[in-house]
Every structure is written in C-alpha cells, then in structure tokens.
Protein chains: 2
Amino acid sequence: MQVTIIYVGNIKDKYLSEAVSEYEKRLKAYCQLNQIELKEEKLPENPSNQEIQNALKKEGSKIIQNFSNKAYKIALCVEGTIISSEEFAKKIETIKDSFANITFVIGGPYGLSDEVKNACDYKLSISKMTFTHRMARVLLLEQIYRAMNISNGGKYHK
Amino acid sequence: MQVTIIYVGNIKDKYLSEAVSEYEKRLKAYCQLNQIELKEEKLPENPSNQEIQNALKKEGSKIIQNFSNKAYKIALCVEGTIISSEEFAKKIETIKDSFANITFVIGGPYGLSDEVKNACDYKLSISKMTFTHRMARVLLLEQIYRAMNISNGGKYHK
C-alpha cells in the first residue's frame, strides 16, 4: 500500500530529521512511503488573526493540489478523534481494503485551514497535549510503523 | 523548583538522546532538573507473565527507594488521566505552591508495578496511543518545557 504524508514546513532540528530517516527506513518493509514537504507561508513575528487565516488559506490550496481522488485523507488536528494504537492499526487495515493510498496531512505551526479539514475523510488527534508540528511528524511516522507492525504480527509494539 | 525524572532503562537511539539533551538545556531556564536512570531488569525474549511481574517488582523497589517524602509524584501510565498541555501547566503551577519537588516516573517496556503506581500522587497519560518508553521520555521533557513556558508567558507554545 502507498502512504503519503503531506507536511507544511521543514524539519530544522537534527535529532528530529534523524528520527524521520529512521522511520522512513523501517517503513520500507511495509509500504511505499511518499513524503511531500510544502513551504510554510512567511508570517510576521506577531501575526494578526487575518494574516494567519490568509497564510492557512494559501497553504491549504497547495495541500489540496496534492490530494488524489483515489486516496483516503486524514487530517491531523487537535479537534480530531483520539484513538489507541490498536484502533489506529485497525483503521488502516479497513482503509487498505478500499483505497490504494492513505494520505496524512500535518499543517504548520498554526494548523490547517477549514478547507483542508473539510476535504479530508477523517480527523485524527495524536494527543490531547500539544506537540510542535515538527514533533508530530515523528510521532505520526512512529504510529504508522507501529500500526503496520501490529497488523503484521510483529513484536515492535509489545 | 526542582523536577526529578526517574526512568527505567537507557536511551539507545542517538536521535532520542540528542532530543533529551536539547530539552535538558532548555529546561535550565526554568527549573533544576534531576534525571535518574535505573537499570532495566533483564528478561528472556518471550518472558512469562510471572517473569514480567517479578522484573516490575524489582524495578519498582529501586524506583521507590529514590522517592522523597517531600516530592509530588506522578506516574506515567496508559490508564492515567489524559490532559491538555494547558491543564498540565496549571497542574504543575498548583503543585509548585505546596511542593519543592515534582517527580515523574517512566517505567521500562512493561511499564510500572502497582506498588509504584500506588505510591504516586497522580497518574498521567501522555496519549491514548502507545509510544516507546524511550520516546515517552522525550515527550515528557517537551511537555514540562512547554508547561513552564506557558506559565512564564513565553512564546514557545504558540
């Protein structure tokens, strides 16, 4: 199966990019991973709400351009559903039966526009606690790896 | 204030130990951080439930030996309360009024014994999803840093 991850922004910290590489490598055993990094819109230091909304809208259009009709699309956001790793594994299994691709979307520091959220099939929250969007990328990769390992009867999750 | 983190096991992955160092450095601005790494009990590849319980008990005694009567103790475990970063910040603020030390405990791959959980004042869950206990260490440090930043009116969490 194909897994696409669309991110807004890039990873600056060395330890996070090393973590991303590590999970990229591990996921090769289970899926074809396709990562799309989109440029974050530049904002002034203390942006107004209007400036933030405009930036989210621009980032949103670029995200939606990368959506495929054939993909099941999952937006990561705070208001998303909180599920366990086992439930996440089952969810991926079910999607796999009907779709050749699962696309995950992680926004920039201000999240995702409503247009992106509405264009997605599911909203997922990794934790009630907030992590940086860069860290969310590592956490998502780890959860996808864990899910595929659970579904394949691996030992990683035990 | 003094923050103690008691871990069972060590960090093998370079990217995780770099992440730990990064947050150690950042936390110096806000608190005196004291990290205690306890040795994980050795277990066979497919341990029986009894072997796991024995290991947890031994690890638990070592953890409790490191507890101070003057500390507010928080156990990280799946059955713990799920709270937001803002609620976590408020919780730390409240504890600060009555205790000079907060101690967090993260178990090994099989978690914590009931003795440890019962000896703690609060049970916290970072996410409904499961992460490795090594990653939990980074996530906890990030959340403590985020909480202290929130309480000090910093910009990190925005």
# chains A, B, ... in the order shown; residues from 1 in each chain; ligands from 1
>>> select_by_dssp(residues="stretch 9-155 of chain B", states="helix (DSSP H, G or I)", output="PyMOL selection string")
chain B and resi 14-27+49-65+85-98+114-119+133-151
>>> residues_around(residues="stretch 67-76 of chain B", least_positions_apart="2", cutoff="10 Å", atoms="only C-alpha atoms", output="PyMOL selection string")
chain B and resi 2-6+62-65+78-81+92+95-96+98-107+111-112+116-126+133+136-137+140
>>> closest_atom_pairs(of="chain B", to="chain A", cutoff="12 Å", atoms="only C-alpha atoms", output="Markdown table")
| residue | atom | partner | partner_atom | distance |
| --- | --- | --- | --- | --- |
| B:Asp13 | CA | A:Ala19 | CA | 8.9 |
| B:Lys14 | CA | A:Tyr15 | CA | 7.8 |
| B:Tyr15 | CA | A:Tyr15 | CA | 4.4 |
| B:Leu16 | CA | A:Tyr15 | CA | 6.9 |
| B:Ser17 | CA | A:Tyr15 | CA | 8.4 |
| B:Glu18 | CA | A:Tyr15 | CA | 5.9 |
| B:Ala19 | CA | A:Tyr15 | CA | 5.9 |
| B:Val20 | CA | A:Tyr15 | CA | 9.6 |
| B:Ser21 | CA | A:Tyr15 | CA | 10.2 |
| B:Glu22 | CA | A:Tyr15 | CA | 9.1 |
| B:Tyr23 | CA | A:Tyr15 | CA | 11.6 |
| B:Glu45 | CA | A:Lys155 | CA | 10.5 |
| B:Asn46 | CA | A:Lys155 | CA | 10.2 |
| B:Pro47 | CA | A:Lys158 | CA | 11.3 |
| B:Val78 | CA | A:Ser84 | CA | 10.0 |
| B:Glu79 | CA | A:Ser84 | CA | 11.9 |
| B:Thr81 | CA | A:Lys128 | CA | 10.5 |
| B:Ile82 | CA | A:Lys128 | CA | 6.8 |
| B:Ile83 | CA | A:Lys128 | CA | 6.1 |
| B:Ser84 | CA | A:Met129 | CA | 4.3 |
| B:Ser85 | CA | A:Met129 | CA | 4.7 |
| B:Glu86 | CA | A:Met129 | CA | 8.1 |
| B:Glu87 | CA | A:Met129 | CA | 8.9 |
| B:Phe88 | CA | A:Met129 | CA | 8.4 |
| B:Ala89 | CA | A:Met129 | CA | 10.6 |
| B:Gly108 | CA | A:Lys158 | CA | 11.7 |
| B:Pro109 | CA | A:Lys158 | CA | 7.9 |
| B:Tyr110 | CA | A:Lys158 | CA | 8.3 |
| B:Gly111 | CA | A:Lys158 | CA | 11.2 |
| B:Leu124 | CA | A:Met129 | CA | 11.4 |
| B:Ser125 | CA | A:Ser127 | CA | 9.5 |
| B:Ile126 | CA | A:Ser127 | CA | 6.8 |
| B:Ser127 | CA | A:Ser127 | CA | 4.8 |
| B:Lys128 | CA | A:Ser84 | CA | 4.9 |
| B:Met129 | CA | A:Ser84 | CA | 4.3 |
| B:Thr130 | CA | A:Ser85 | CA | 5.9 |
| B:Phe131 | CA | A:Gln143 | CA | 7.7 |
| B:Thr132 | CA | A:His157 | CA | 8.0 |
| B:His133 | CA | A:His157 | CA | 11.0 |
| B:Met135 | CA | A:Leu139 | CA | 9.0 |
| B:Ala136 | CA | A:Leu139 | CA | 10.5 |
| B:Val138 | CA | A:Met135 | CA | 10.1 |
| B:Leu139 | CA | A:Phe131 | CA | 8.1 |
| B:Leu140 | CA | A:Met129 | CA | 10.3 |
| B:Leu141 | CA | A:Phe131 | CA | 11.2 |
| B:Glu142 | CA | A:Phe131 | CA | 7.7 |
| B:Gln143 | CA | A:Phe131 | CA | 7.7 |
| B:Ile144 | CA | A:Met129 | CA | 11.1 |
| B:Tyr145 | CA | A:Phe131 | CA | 11.0 |
| B:Arg146 | CA | A:Phe131 | CA | 8.7 |
| B:Ala147 | CA | A:Thr130 | CA | 10.3 |
| B:Ile150 | CA | A:Thr130 | CA | 11.8 |
| B:Lys155 | CA | A:Asn46 | CA | 10.1 |
| B:Tyr156 | CA | A:Thr132 | CA | 9.1 |
| B:His157 | CA | A:Thr132 | CA | 8.0 |
| B:Lys158 | CA | A:Pro109 | CA | 7.9 |
>>> select_by_dssp(residues="chain A", states="strand (DSSP E or B)", output="number ranges by chain")
A: 2-8, 32-38, 71-82, 101-106, 108, 111, 122-125
>>> atom_distance(atom1="atom CA of B:Gly9", atom2="atom CA of B:Lys39")
5.3 Å
>>> atom_distance(atom1="atom CA of A:Asp114", atom2="atom CA of A:Asn49")
14.5 Å
>>> residues_around(residues="B:Glu41", least_positions_apart="4", cutoff="10 Å", atoms="only C-alpha atoms", output="list of chain:residue names")
B:Val8, B:Gly9, B:Ile52, B:Asn54, B:Ala55, B:Leu56, B:Lys57, B:Lys58, B:Glu59, B:Gly108
>>> closest_residue(among="A:Thr94, A:Asn152, A:Gln32, A:Ser113", to="A:Gln53", atoms="only C-alpha atoms")
A:Ser113
>>> atom_distance(atom1="atom CA of A:Cys31", atom2="atom CA of A:Met1")
5.2 Å
